[in-house]
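Below is the file entry_5.cif, which contains mmCIF, C-alpha atoms and all ligand atoms.
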```
data_model
loop_
_atom_site.label_atom_id
_atom_site.label_comp_id
_atom_site.auth_asym_id
_atom_site.auth_seq_id
_atom_site.Cartn_x
_atom_site.Cartn_y
_atom_site.Cartn_z
CA MET A 1 6.80 -56.15 -28.74
CA GLN A 2 3.70 -54.00 -28.37
CA LEU A 3 3.97 -50.26 -28.08
CA ASP A 4 1.40 -48.33 -26.06
CA LYS A 5 2.41 -44.70 -25.85
CA LYS A 6 -0.13 -43.89 -23.14
CA LYS A 7 1.23 -45.92 -20.32
CA ILE A 8 3.59 -48.68 -21.22
CA LEU A 9 6.28 -47.79 -23.70
CA TYR A 10 7.65 -51.26 -24.16
CA ASP A 11 5.52 -54.20 -23.17
CA MET A 12 7.29 -57.51 -23.62
CA ALA A 13 3.80 -59.06 -23.91
CA GLN A 14 2.73 -62.69 -23.55
CA ASN A 15 3.81 -64.13 -20.20
CA ASN A 16 6.62 -61.65 -19.67
CA PRO A 17 5.90 -59.46 -16.64
CA VAL A 18 8.42 -56.74 -17.61
CA VAL A 19 7.23 -53.30 -18.70
CA VAL A 20 9.37 -50.27 -19.51
CA THR A 21 7.40 -47.13 -18.86
CA ASP A 22 7.57 -43.37 -18.41
CA GLN A 23 4.39 -43.48 -16.32
CA LEU A 24 5.54 -45.52 -13.40
CA GLU A 25 3.02 -44.03 -11.01
CA SER A 26 -0.03 -44.98 -13.06
CA VAL A 27 1.29 -48.47 -13.88
CA LEU A 28 1.87 -49.14 -10.17
CA ALA A 29 -1.48 -47.63 -9.19
CA ALA A 30 -3.26 -49.88 -11.71
CA SER A 31 -1.61 -52.97 -10.23
CA MET A 32 -2.23 -51.93 -6.60
CA VAL A 33 -6.00 -51.71 -6.95
CA ASN A 34 -6.26 -55.48 -6.90
CA PHE A 35 -4.99 -55.63 -3.32
CA PRO A 36 -6.61 -54.55 -0.03
CA ASP A 37 -5.42 -51.17 1.29
CA ASP A 38 -3.99 -52.68 4.47
CA LYS A 39 -2.06 -55.40 2.63
CA LEU A 40 0.47 -53.28 0.75
CA PHE A 41 4.15 -53.58 1.68
CA LEU A 42 7.26 -51.87 0.35
CA VAL A 43 10.86 -53.09 0.65
CA CYS A 44 13.70 -50.59 0.05
CA ASP A 45 17.34 -50.26 1.01
CA GLN A 46 18.77 -47.06 2.45
CA ASN A 47 19.67 -45.67 -0.98
CA SER A 48 16.50 -46.59 -2.83
CA ASP A 49 14.53 -45.12 0.09
CA LEU A 50 16.45 -41.87 -0.23
CA PHE A 51 16.86 -41.56 -4.01
CA CYS A 52 14.09 -43.63 -5.58
CA LEU A 53 11.04 -43.53 -3.34
CA PRO A 54 10.50 -39.78 -4.00
CA LEU A 55 9.76 -40.68 -7.65
CA LEU A 56 6.77 -42.69 -6.46
CA CYS A 57 5.28 -39.93 -4.33
CA ASP A 58 2.63 -39.03 -6.93
CA THR A 59 1.34 -42.61 -7.11
CA PRO A 60 -2.29 -42.54 -5.96
CA GLY A 61 -2.51 -44.52 -2.70
CA ILE A 62 1.26 -44.70 -2.13
CA GLU A 63 0.70 -43.63 1.51
CA LYS A 64 -1.07 -46.94 2.15
CA PHE A 65 2.19 -48.87 1.85
CA LYS A 66 3.94 -50.02 5.01
CA LYS A 67 7.67 -49.69 4.43
CA ILE A 68 10.76 -51.54 5.59
CA VAL A 69 14.26 -50.25 4.85
CA VAL A 70 17.03 -52.87 4.86
CA PRO A 71 20.73 -51.96 4.99
CA ALA A 72 22.26 -51.35 1.53
CA GLY A 73 25.04 -53.43 -0.02
CA GLU A 74 25.81 -56.98 -1.07
CA GLU A 75 27.25 -57.69 2.41
CA HIS A 76 23.68 -57.44 3.74
CA LYS A 77 22.18 -59.89 1.24
CA LEU A 78 21.86 -62.32 4.11
CA LEU A 79 19.38 -64.48 5.95
CA SER A 80 19.31 -61.83 8.72
CA SER A 81 17.89 -59.30 6.22
CA VAL A 82 15.36 -61.85 4.93
CA GLU A 83 14.37 -62.45 8.54
CA GLN A 84 13.85 -58.71 9.07
CA ILE A 85 11.47 -58.66 6.10
CA TRP A 86 9.59 -61.77 7.29
CA LEU A 87 9.21 -60.22 10.76
CA PHE A 88 7.99 -56.96 9.28
CA LEU A 89 5.41 -58.80 7.16
CA SER A 90 4.31 -60.98 10.05
CA ARG A 91 3.95 -58.12 12.57
CA ASN A 92 1.94 -56.09 10.06
CA GLY A 93 -0.55 -58.83 9.26
CA ALA A 94 0.62 -59.74 5.77
CA ASP A 95 -1.17 -62.72 4.28
CA ARG A 96 -1.75 -64.45 0.94
CA LYS A 97 -3.80 -61.45 -0.27
CA SER A 98 -0.87 -59.08 0.22
CA LEU A 99 1.38 -57.36 -2.30
CA VAL A 100 5.09 -56.77 -1.70
CA VAL A 101 6.78 -54.13 -3.85
CA ASN A 102 10.58 -54.34 -3.98
CA LEU A 103 12.18 -51.02 -4.87
CA GLY A 104 15.95 -51.12 -5.36
CA GLY A 105 18.91 -52.71 -7.10
CA GLY A 106 19.41 -56.43 -7.62
CA MET A 107 20.21 -56.90 -3.96
CA VAL A 108 16.77 -55.63 -2.86
CA THR A 109 14.87 -57.35 -5.68
CA ASP A 110 16.60 -60.72 -5.03
CA LEU A 111 16.11 -60.46 -1.26
CA GLY A 112 12.58 -59.02 -1.24
CA SER A 113 11.43 -61.48 -3.92
CA PHE A 114 12.76 -64.39 -1.87
CA ALA A 115 11.12 -63.11 1.34
CA ALA A 116 7.78 -62.66 -0.46
CA SER A 117 8.04 -66.03 -2.27
CA THR A 118 8.50 -67.90 0.99
CA PHE A 119 6.25 -65.94 3.37
CA LYS A 120 3.08 -67.96 4.05
CA ARG A 121 4.09 -70.15 1.09
CA GLY A 122 4.12 -67.22 -1.28
CA VAL A 123 2.87 -63.65 -1.46
CA GLN A 124 2.63 -61.78 -4.78
CA PHE A 125 5.36 -59.24 -5.47
CA ILE A 126 6.25 -56.51 -7.94
CA ASN A 127 9.85 -55.52 -8.62
CA ILE A 128 10.83 -51.96 -9.43
CA PRO A 129 14.54 -52.24 -10.29
CA THR A 130 16.49 -49.03 -9.77
CA THR A 131 19.99 -49.91 -11.02
CA LEU A 132 20.89 -50.64 -14.63
CA LEU A 133 22.10 -54.14 -13.66
CA ALA A 134 18.78 -54.91 -11.99
CA GLN A 135 16.81 -53.48 -14.94
CA VAL A 136 18.58 -55.45 -17.69
CA ASP A 137 19.56 -58.61 -15.86
CA ALA A 138 18.02 -59.27 -12.43
CA SER A 139 14.58 -58.24 -13.76
CA VAL A 140 14.32 -61.34 -15.97
CA GLY A 141 14.25 -65.01 -15.07
CA GLY A 142 12.62 -65.08 -11.64
CA LYS A 143 15.78 -65.96 -9.69
CA THR A 144 15.52 -64.90 -6.04
CA GLY A 145 17.74 -65.56 -3.03
CA PHE A 146 20.51 -64.53 -0.68
CA ASN A 147 24.14 -65.27 0.13
CA PHE A 148 24.82 -67.99 2.70
CA ASN A 149 27.87 -69.61 4.25
CA GLY A 150 30.10 -67.21 2.31
CA LEU A 151 28.62 -68.38 -1.01
CA LYS A 152 26.77 -66.13 -3.43
CA ASN A 153 23.07 -66.85 -3.98
CA GLU A 154 23.50 -70.15 -2.14
CA ILE A 155 19.85 -70.23 -1.02
CA GLY A 156 16.99 -69.24 -3.28
CA VAL A 157 13.95 -70.15 -5.31
CA ILE A 158 12.82 -69.38 -8.83
CA ASN A 159 9.54 -67.52 -8.74
CA GLN A 160 8.13 -64.99 -11.17
CA PRO A 161 7.05 -61.53 -10.00
CA LEU A 162 3.58 -60.30 -10.80
CA GLN A 163 5.17 -57.41 -12.64
CA VAL A 164 8.54 -55.74 -13.19
CA ILE A 165 8.28 -52.00 -13.78
CA ILE A 166 11.31 -50.34 -15.37
CA ASP A 167 11.73 -46.57 -15.38
CA THR A 168 15.07 -45.10 -16.46
CA ARG A 169 14.56 -41.93 -14.37
CA PHE A 170 15.87 -43.90 -11.38
CA LEU A 171 19.24 -44.20 -13.07
CA LYS A 172 19.89 -40.45 -12.83
CA THR A 173 21.13 -40.82 -9.24
CA LEU A 174 23.19 -43.96 -9.89
CA ASP A 175 26.98 -43.44 -9.81
CA HIS A 176 28.96 -43.94 -13.04
CA ASP A 177 30.64 -47.17 -11.86
CA ASN A 178 27.33 -48.87 -11.07
CA PHE A 179 25.92 -47.54 -14.34
CA ILE A 180 28.67 -49.05 -16.49
CA SER A 181 28.56 -52.24 -14.42
CA GLY A 182 24.98 -52.82 -15.64
CA TYR A 183 26.00 -51.71 -19.14
CA ALA A 184 28.40 -54.68 -19.35
CA GLU A 185 25.44 -57.08 -19.26
CA MET A 186 23.83 -55.13 -22.13
CA ILE A 187 27.09 -55.41 -24.10
CA LYS A 188 27.05 -59.14 -23.39
CA HIS A 189 23.50 -59.36 -24.76
CA GLY A 190 24.66 -57.58 -27.92
CA LEU A 191 27.68 -59.85 -28.35
CA ILE A 192 25.74 -63.09 -27.95
CA HIS A 193 22.67 -62.17 -29.91
CA SER A 194 22.52 -58.98 -31.91
CA GLN A 195 24.83 -56.84 -34.05
CA ASP A 196 22.16 -54.11 -34.01
CA HIS A 197 21.99 -53.99 -30.22
CA LEU A 198 25.79 -53.89 -30.01
CA ALA A 199 25.87 -51.05 -32.55
CA GLU A 200 23.38 -48.93 -30.58
CA LEU A 201 25.37 -49.57 -27.40
CA ARG A 202 28.55 -48.43 -29.13
CA ASN A 203 26.86 -45.23 -30.29
CA PHE A 204 25.43 -44.33 -26.88
CA ASP A 205 27.11 -41.49 -24.98
CA LEU A 206 27.97 -43.02 -21.61
CA MET A 207 29.37 -39.79 -20.23
CA HIS A 208 26.11 -37.92 -20.89
CA PRO A 209 23.44 -40.62 -20.90
CA ASP A 210 20.17 -39.82 -22.61
CA PHE A 211 17.70 -41.61 -20.34
CA ILE A 212 14.92 -41.49 -22.91
CA GLU A 213 17.07 -43.11 -25.59
CA LEU A 214 18.13 -45.67 -22.99
CA ARG A 215 14.55 -46.93 -22.51
CA GLY A 216 14.40 -48.61 -25.90
CA MET A 217 17.90 -50.05 -25.44
CA ILE A 218 16.93 -51.54 -22.07
CA ALA A 219 13.76 -53.02 -23.57
CA ARG A 220 15.81 -54.67 -26.34
CA SER A 221 18.35 -55.97 -23.84
CA VAL A 222 15.60 -57.41 -21.63
CA MET A 223 14.09 -59.12 -24.68
CA ILE A 224 17.40 -60.78 -25.49
CA LYS A 225 17.74 -62.16 -21.97
CA THR A 226 14.10 -63.28 -22.10
CA TYR A 227 14.71 -65.04 -25.43
CA PHE A 228 17.36 -67.27 -23.84
CA VAL A 229 15.59 -67.78 -20.48
CA GLU A 230 12.27 -68.78 -22.04
CA GLN A 231 13.84 -71.47 -24.22
CA ASP A 232 15.73 -73.04 -21.35
CA PRO A 233 14.51 -71.91 -17.90
CA HIS A 234 16.71 -74.44 -16.04
CA GLU A 235 19.96 -73.57 -17.80
CA ARG A 236 20.51 -77.01 -19.33
CA ASN A 237 21.63 -75.74 -22.73
CA ILE A 238 21.02 -72.47 -24.59
CA ARG A 239 20.56 -70.31 -21.47
CA LYS A 240 24.27 -70.89 -20.94
CA ALA A 241 24.73 -68.26 -23.69
CA LEU A 242 24.15 -65.71 -20.93
CA ASN A 243 27.33 -66.95 -19.21
CA PHE A 244 29.51 -65.37 -21.89
CA GLY A 245 32.28 -63.42 -20.12
CA HIS A 246 31.30 -64.92 -16.78
CA THR A 247 33.65 -67.92 -16.40
CA VAL A 248 36.68 -65.65 -16.48
CA GLY A 249 34.61 -62.76 -15.08
CA HIS A 250 33.80 -64.63 -11.87
CA ALA A 251 37.51 -65.40 -11.46
CA PHE A 252 38.31 -61.67 -11.84
CA GLU A 253 35.57 -60.89 -9.30
CA SER A 254 36.80 -63.42 -6.71
CA LEU A 255 40.50 -62.63 -7.13
CA SER A 256 39.96 -58.88 -6.92
CA LEU A 257 37.96 -59.42 -3.73
CA LYS A 258 40.71 -61.59 -2.21
CA GLN A 259 43.29 -58.96 -3.12
CA GLY A 260 41.28 -56.28 -1.33
CA LYS A 261 40.44 -54.20 -4.45
CA PRO A 262 37.00 -55.60 -5.36
CA LEU A 263 35.68 -55.08 -8.86
CA LEU A 264 31.98 -54.50 -9.47
CA HIS A 265 30.34 -57.48 -11.18
CA GLY A 266 29.96 -55.79 -14.57
CA HIS A 267 33.58 -54.58 -14.63
CA ALA A 268 34.74 -58.15 -13.91
CA VAL A 269 32.44 -59.42 -16.69
CA ALA A 270 33.82 -56.82 -19.12
CA PHE A 271 37.38 -58.05 -18.43
CA GLY A 272 36.07 -61.61 -18.64
CA MET A 273 34.56 -60.81 -22.06
CA ILE A 274 37.90 -59.50 -23.36
CA THR A 275 39.62 -62.73 -22.26
CA GLU A 276 36.83 -64.93 -23.61
CA LEU A 277 36.78 -63.04 -26.93
CA TYR A 278 40.41 -64.09 -27.27
CA LEU A 279 39.43 -67.70 -26.45
CA SER A 280 36.69 -67.33 -29.07
CA LYS A 281 39.38 -66.42 -31.58
CA LEU A 282 41.53 -69.40 -30.58
CA SER A 283 38.79 -71.94 -30.47
CA CYS A 284 35.96 -70.67 -32.71
CA GLY A 285 37.69 -68.53 -35.31
CA PHE A 286 36.41 -65.16 -34.02
CA ALA A 287 37.92 -62.45 -36.26
CA ASP A 288 41.15 -60.92 -34.97
CA GLY A 289 40.34 -57.39 -36.19
CA ILE A 290 36.99 -57.32 -34.35
CA LEU A 291 38.63 -58.76 -31.23
CA HIS A 292 41.08 -55.84 -31.12
CA ASN A 293 38.44 -53.27 -31.91
CA LEU A 294 36.07 -54.54 -29.18
CA THR A 295 38.93 -54.83 -26.68
CA GLU A 296 39.89 -51.21 -27.23
CA TRP A 297 36.28 -50.09 -26.76
CA LEU A 298 35.80 -52.14 -23.57
CA LEU A 299 39.06 -50.87 -22.06
CA ALA A 300 38.04 -47.29 -22.87
CA ILE A 301 34.86 -47.80 -20.81
CA TYR A 302 36.14 -49.98 -17.95
CA GLY A 303 39.72 -48.72 -17.67
CA ARG A 304 42.91 -50.76 -17.60
CA TYR A 305 43.36 -53.56 -15.11
CA GLN A 306 46.68 -55.17 -14.24
CA VAL A 307 46.97 -58.92 -13.92
CA ALA A 308 50.16 -60.54 -12.61
CA GLU A 309 51.55 -63.66 -14.26
CA GLU A 310 51.91 -65.29 -10.84
CA ASP A 311 48.10 -65.07 -10.46
CA TYR A 312 47.39 -67.26 -13.50
CA GLU A 313 47.20 -70.46 -11.43
CA SER A 314 44.73 -68.81 -9.02
CA PHE A 315 42.65 -67.66 -12.00
CA TYR A 316 42.68 -71.17 -13.39
CA GLU A 317 41.67 -72.66 -10.08
CA LEU A 318 38.87 -70.13 -9.66
CA MET A 319 37.57 -70.91 -13.15
CA GLY A 320 37.68 -74.63 -12.39
CA HIS A 321 35.63 -74.04 -9.30
CA ASP A 322 32.97 -72.12 -11.15
CA LYS A 323 29.73 -73.80 -10.09
CA LYS A 324 28.55 -73.95 -13.71
CA ASN A 325 31.26 -76.46 -14.65
CA GLU A 326 30.71 -80.16 -14.56
CA GLY A 327 33.65 -82.18 -13.32
CA LYS A 328 37.12 -80.88 -14.01
CA ARG A 329 36.66 -79.53 -17.54
CA ILE A 330 36.52 -75.81 -17.87
CA ASN A 331 33.42 -75.01 -19.78
CA PHE A 332 33.04 -71.75 -21.70
CA THR A 333 30.37 -70.02 -23.67
CA LEU A 334 32.16 -68.47 -26.65
CA ILE A 335 31.14 -66.67 -29.84
CA THR A 336 32.11 -67.38 -33.44
CA SER A 337 31.08 -63.85 -34.49
CA VAL A 338 28.91 -61.11 -33.00
CA GLY A 339 25.48 -62.65 -32.44
CA GLU A 340 26.58 -66.26 -32.95
CA VAL A 341 27.06 -68.12 -29.71
CA GLU A 342 28.70 -71.51 -29.03
CA ILE A 343 27.95 -73.16 -25.70
CA ASN A 344 29.92 -75.95 -23.99
CA ARG A 345 33.34 -75.16 -25.45
CA ASN A 346 36.14 -76.66 -23.38
CA CYS A 347 39.45 -74.80 -23.36
CA SER A 348 42.80 -76.15 -22.25
CA LYS A 349 44.94 -74.63 -19.52
CA LYS A 350 47.43 -73.57 -22.21
CA GLU A 351 44.73 -71.69 -24.15
CA ILE A 352 43.46 -70.03 -20.98
CA PHE A 353 46.96 -68.85 -20.04
CA GLU A 354 47.44 -67.55 -23.58
CA ALA A 355 44.19 -65.60 -23.25
CA LEU A 356 45.39 -64.16 -19.93
CA ASP A 357 48.65 -63.18 -21.69
CA PHE A 358 46.54 -61.32 -24.23
CA PHE A 359 44.60 -59.57 -21.46
CA ARG A 360 47.85 -58.61 -19.72
CA GLU A 361 49.42 -57.27 -22.91
CA VAL A 362 46.46 -55.08 -23.94
CA ASN A 363 46.34 -53.65 -20.44
CA ASN A 364 50.02 -52.79 -20.44
CA ILE A 365 49.93 -50.69 -23.60
N1 LIG B 401 18.09 -62.48 -9.97
C1 LIG B 401 18.93 -62.42 -10.99
O1 LIG B 401 18.73 -63.03 -12.04
C2 LIG B 401 20.15 -61.58 -10.86
C3 LIG B 401 20.89 -61.22 -12.00
C4 LIG B 401 21.97 -60.40 -11.84
C5 LIG B 401 22.34 -59.94 -10.59
N2 LIG B 401 21.61 -60.31 -9.50
C6 LIG B 401 21.97 -59.85 -8.16
O2 LIG B 401 21.88 -58.44 -8.13
C7 LIG B 401 22.79 -57.94 -7.16
C8 LIG B 401 23.58 -56.81 -7.77
O3 LIG B 401 22.67 -55.83 -8.19
P1 LIG B 401 23.02 -54.29 -8.20
O4 LIG B 401 24.26 -54.07 -8.99
O5 LIG B 401 21.79 -53.57 -8.57
O6 LIG B 401 23.48 -54.05 -6.69
P2 LIG B 401 22.77 -53.29 -5.47
O7 LIG B 401 21.34 -53.61 -5.37
O8 LIG B 401 23.62 -53.57 -4.29
O9 LIG B 401 22.90 -51.75 -5.89
C9 LIG B 401 24.16 -51.12 -5.98
C10 LIG B 401 24.19 -49.86 -5.12
O10 LIG B 401 23.36 -48.86 -5.72
C11 LIG B 401 22.42 -48.36 -4.76
N3 LIG B 401 21.28 -47.91 -5.52
C12 LIG B 401 20.25 -48.66 -6.02
N4 LIG B 401 19.48 -47.89 -6.82
C13 LIG B 401 20.01 -46.65 -6.81
C14 LIG B 401 19.67 -45.44 -7.47
N5 LIG B 401 18.65 -45.38 -8.34
N6 LIG B 401 20.42 -44.34 -7.22
C15 LIG B 401 21.49 -44.41 -6.37
N7 LIG B 401 21.88 -45.53 -5.75
C16 LIG B 401 21.15 -46.65 -5.99
C17 LIG B 401 22.20 -49.51 -3.82
O11 LIG B 401 21.72 -49.10 -2.58
C18 LIG B 401 23.63 -50.07 -3.72
O12 LIG B 401 24.38 -49.31 -2.82
C19 LIG B 401 23.66 -59.11 -6.72
O13 LIG B 401 23.25 -59.51 -5.46
C20 LIG B 401 23.38 -60.17 -7.77
O14 LIG B 401 23.50 -61.47 -7.23
C21 LIG B 401 20.52 -61.10 -9.61
ZN ZN B 402 26.40 -61.14 -14.77
#
```
Show the structure stored in the file as structure tokens.
Amino acid sequence: MQLDKKKILYDMAQNNPVVVTDQLESVLAASMVNFPDDKLFLVCDQNSDLFCLPLLCDTPGIEKFKKIVVPAGEEHKLLSSVEQIWLFLSRNGADRKSLVVNLGGGMVTDLGSFAASTFKRGVQFINIPTTLLAQVDASVGGKTGFNFNGLKNEIGVINQPLQVIIDTRFLKTLDHDNFISGYAEMIKHGLIHSQDHLAELRNFDLMHPDFIELRGMIARSVMIKTYFVEQDPHERNIRKALNFGHTVGHAFESLSLKQGKPLLHGHAVAFGMITELYLSKLSCGFADGILHNLTEWLLAIYGRYQVAEEDYESFYELMGHDKKNEGKRINFTLITSVGEVEINRNCSKKEIFEALDFFREVNNI
């Protein structure tokens, strides 16, 4: 990692387009100069327009951008929103020489990146992620897309942005729940790859976040995701490490939605990680003392969550339907210790129910 104090604080270097900076305006201005003045387009949602765009107001030439504001929220990550962006680009004369800047959370960056990637067979785009989840997770890997036919990210393409510019000042207006939702992915990165990263995350004051300290932590988290994505862009083997907590987490997410009390993605992943840490103990010898210690810490951040025994079958079914499983086996990514990941571990129904028992017990204390 190269460090350039003037402009880019953390440059992931090589082919990685991600930069973490405290000089967002000058980084964006430097990238804009390569595009004609009348070919600059900005995609926001209602919240990023209100809370995040003002931080760009000192960017030289920002007034040249033509802006579209799409409705905020996952329920609008739809073809109709993509169509709005395509129409906006088309009516304003966008062409292959254009630049699209997506300013917002993962919903805006996924949607805007897809619209740009498909418009006239591909227009260059820059992502400026404004939620913690988008900064540490959606910023890496080039996945773009939208929800279709009731299925998440059903349509999409993989296409790399020209640049991803991360500035933690955006996070000051993010609510606590969305903040800790993104934090869960950082914790996952620590658990699968780095004791040091996990230690710094444990020491960080989540109630009074220091946004300057957070920059370095985000850079390290992004580098961990990059490490796995670069080795296996198509998720055939080691990239599956990033699924830790997600097999059970997706089941928590779906069930909570069905029950009308939806959990944010990161909260569901945190509960998934607790359950999968227990499976890691059962199947990979993960140390019992560390399991209890991590569980206590995660519950202190994400709160307690009640699971009913009569929901176990639904959980099991939802895990079996996880699109990352082949056939009927339930495939998990587990860890033998912090930083040591084991992919393709199959757990039995009995083990999964035992892990859910553990989750239920620790939440009832
Ligand atoms: N492409 C990938 O690899 C990848 C990875 C992870 C998640 N995702 C996608 O990301 C999406 C979730 O991302 P998200 O959690 O950022 O959701 P989001 O984009 O819906 O943002 C959450 C909420 O915060 C608001 N918001 C955004 N920035 C803000 C700010 N700075 N201050 C105040 N409010 C702000 C948004 O308007 C929204 O209401 C999902 O659609 C998911 O599929 C993609
Ligand atoms: Zn996730």
Report task. Write out as a count of residues only which residues come within 9 Å of stretch 73-77 of chain A when counting only C-alpha atoms, dropping same-chain ones fewer than 6 positions away. Result -> 10
Report task. Would you please work out which residue, of A:Asp137, A:Asp288, A:Glu317, A:Glu200, is nearest to ligand ZN 402 (chain B) when using all atoms listed in the file? Result ->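 Of A:Asp137, A:Asp288, A:Glu317, A:Glu200, the one nearest ligand ZN 402 (chain B), counting all atoms listed in the file, is A:Asp137.
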Report summary line: Pairwise distance, atom CA of A:Asn344 with atom CA of A:Gln306, equals 28.4 Å
Query raised in the report: Given the choices A:Asn47, A:Ser81, A:Thr247, A:Asn149, which gets closest to ligand LIG 401 (chain B) if the distance is worked out from all atoms listed in the file?
Result: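 Of A:Asn47, A:Ser81, A:Thr247, A:Asn149, the one nearest ligand LIG 401 (chain B), counting all atoms listed in the file, is A:Asn47.
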Need the axis-aligned box for stretch 205-216 of chain A with 4 Å each side, so what are the centre and edges in Å to one decimal, as AutoDock Vina command-line options?
```
--center_x 21.9 --center_y -43.3 --center_z -23.1 --size_x 23.0 --size_y 18.7 --size_z 13.7
```
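Going from atom C16 of ligand LIG 401 (chain B) over to atom CA of A:Leu174, you cover 5.2 Å.
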Requested in this report: Give as a list in words every residue, naming chains and numbers as the document does, that has an atom within 7 Å of (5.1, -51.4, -3.2), counting all atoms listed in the file.
Outcome: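 Checked against the point, the hits come out as Leu40, Phe41, Leu42, Phe65, Val100, Val101 and Asn102 of chain A.
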Report task. Go through the chains and note each residue within 8 Å of ligand LIG 401 (chain B), using all atoms listed in the file, then give the set as a ChimeraX atom specification. Result -> /A:45-48,51-52,72-74,77,104-110,129-134,137-146,152-153,170-175,178,181-182,264-265
Requested in this report: Using only C-alpha atoms, collect all residues at a distance of at most 8 Å from (19.5, -56.1, -30.3) as written in the file, then present them as number ranges by chain.
Outcome: A: 189-190, 193-198, 217, 220-221, 224
Written file, previous selection with C-alpha atoms, as a PDB file, keeping the file's coordinate frame:
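Now in part-v8.pdb:
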```
ATOM      1  CA  HIS A 189      23.500 -59.360 -24.760  1.00  0.00           C
ATOM      2  CA  GLY A 190      24.660 -57.580 -27.920  1.00  0.00           C
ATOM      3  CA  HIS A 193      22.670 -62.170 -29.910  1.00  0.00           C
ATOM      4  CA  SER A 194      22.520 -58.980 -31.910  1.00  0.00           C
ATOM      5  CA  GLN A 195      24.830 -56.840 -34.050  1.00  0.00           C
ATOM      6  CA  ASP A 196      22.160 -54.110 -34.010  1.00  0.00           C
ATOM      7  CA  HIS A 197      21.990 -53.990 -30.220  1.00  0.00           C
ATOM      8  CA  LEU A 198      25.790 -53.890 -30.010  1.00  0.00           C
ATOM      9  CA  MET A 217      17.900 -50.050 -25.440  1.00  0.00           C
ATOM     10  CA  ARG A 220      15.810 -54.670 -26.340  1.00  0.00           C
ATOM     11  CA  SER A 221      18.350 -55.970 -23.840  1.00  0.00           C
ATOM     12  CA  ILE A 224      17.400 -60.780 -25.490  1.00  0.00           C
TER      13      ILE A 224
END
```
Report task. Find, counting only C-alpha atoms and all ligand atoms, the residue in A:Lys240, A:Lys67, A:Lys350, A:Arg329 that gets nearest to ligand ZN 402 (chain B). Result ->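 Distance minimum relative to ligand ZN 402 (chain B) lands on A:Lys240.
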Go through chain A and flag each residue having an atom no more than 7 Å from ligand ZN 402 (chain B); for those, report the closest pair of atoms plus their distance in Å to one decimal, using only C-alpha atoms and all ligand atoms, ordered by chain and rising number, as CSV.
```
residue,atom,partner,partner_atom,distance
A:Glu185,CA,B:ZN402,ZN,6.1
A:His246,CA,B:ZN402,ZN,6.5
A:His265,CA,B:ZN402,ZN,6.5
A:Gly266,CA,B:ZN402,ZN,6.4
A:Val269,CA,B:ZN402,ZN,6.6
```
Just the residues within 10 Å of A:Thr295, please, counting all atoms listed in the file, with nothing from its chain fewer than 2 positions along; format it as a PDB file with C-alpha atoms, keeping the file's coordinate frame.
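Output saved as part.pdb:
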```pdb
ATOM      1  CA  ALA A 270      33.820 -56.820 -19.120  1.00  0.00           C
ATOM      2  CA  PHE A 271      37.380 -58.050 -18.430  1.00  0.00           C
ATOM      3  CA  MET A 273      34.560 -60.810 -22.060  1.00  0.00           C
ATOM      4  CA  ILE A 274      37.900 -59.500 -23.360  1.00  0.00           C
ATOM      5  CA  THR A 275      39.620 -62.730 -22.260  1.00  0.00           C
ATOM      6  CA  LEU A 277      36.780 -63.040 -26.930  1.00  0.00           C
ATOM      7  CA  TYR A 278      40.410 -64.090 -27.270  1.00  0.00           C
ATOM      8  CA  GLY A 289      40.340 -57.390 -36.190  1.00  0.00           C
ATOM      9  CA  ILE A 290      36.990 -57.320 -34.350  1.00  0.00           C
ATOM     10  CA  LEU A 291      38.630 -58.760 -31.230  1.00  0.00           C
ATOM     11  CA  HIS A 292      41.080 -55.840 -31.120  1.00  0.00           C
ATOM     12  CA  ASN A 293      38.440 -53.270 -31.910  1.00  0.00           C
ATOM     13  CA  TRP A 297      36.280 -50.090 -26.760  1.00  0.00           C
ATOM     14  CA  LEU A 298      35.800 -52.140 -23.570  1.00  0.00           C
ATOM     15  CA  LEU A 299      39.060 -50.870 -22.060  1.00  0.00           C
ATOM     16  CA  ALA A 300      38.040 -47.290 -22.870  1.00  0.00           C
ATOM     17  CA  PHE A 359      44.600 -59.570 -21.460  1.00  0.00           C
ATOM     18  CA  VAL A 362      46.460 -55.080 -23.940  1.00  0.00           C
ATOM     19  CA  ASN A 363      46.340 -53.650 -20.440  1.00  0.00           C
TER      20      ASN A 363
END
```
**Report entry** Separation of atom CA of A:Arg121 from atom CA of A:Asp95, in Å and rounded to one decimal
**Finding:**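 These atoms are spaced 9.6 Å apart.
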**Report entry** Nearby residues (all atoms listed in the file) at most 9 Å from A:Cys284, same-chain spacing under 6 positions excluded, as a list in words
**Finding:**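 The residues that qualify are Leu334, Ile335, Thr336, Ser337, Glu342 and Arg345 of chain A.
Minimum distance to A:Lys261 across A:His176, A:Met319, A:Phe88, A:Tyr305 (counting only C-alpha atoms) occurs at A:Tyr305.
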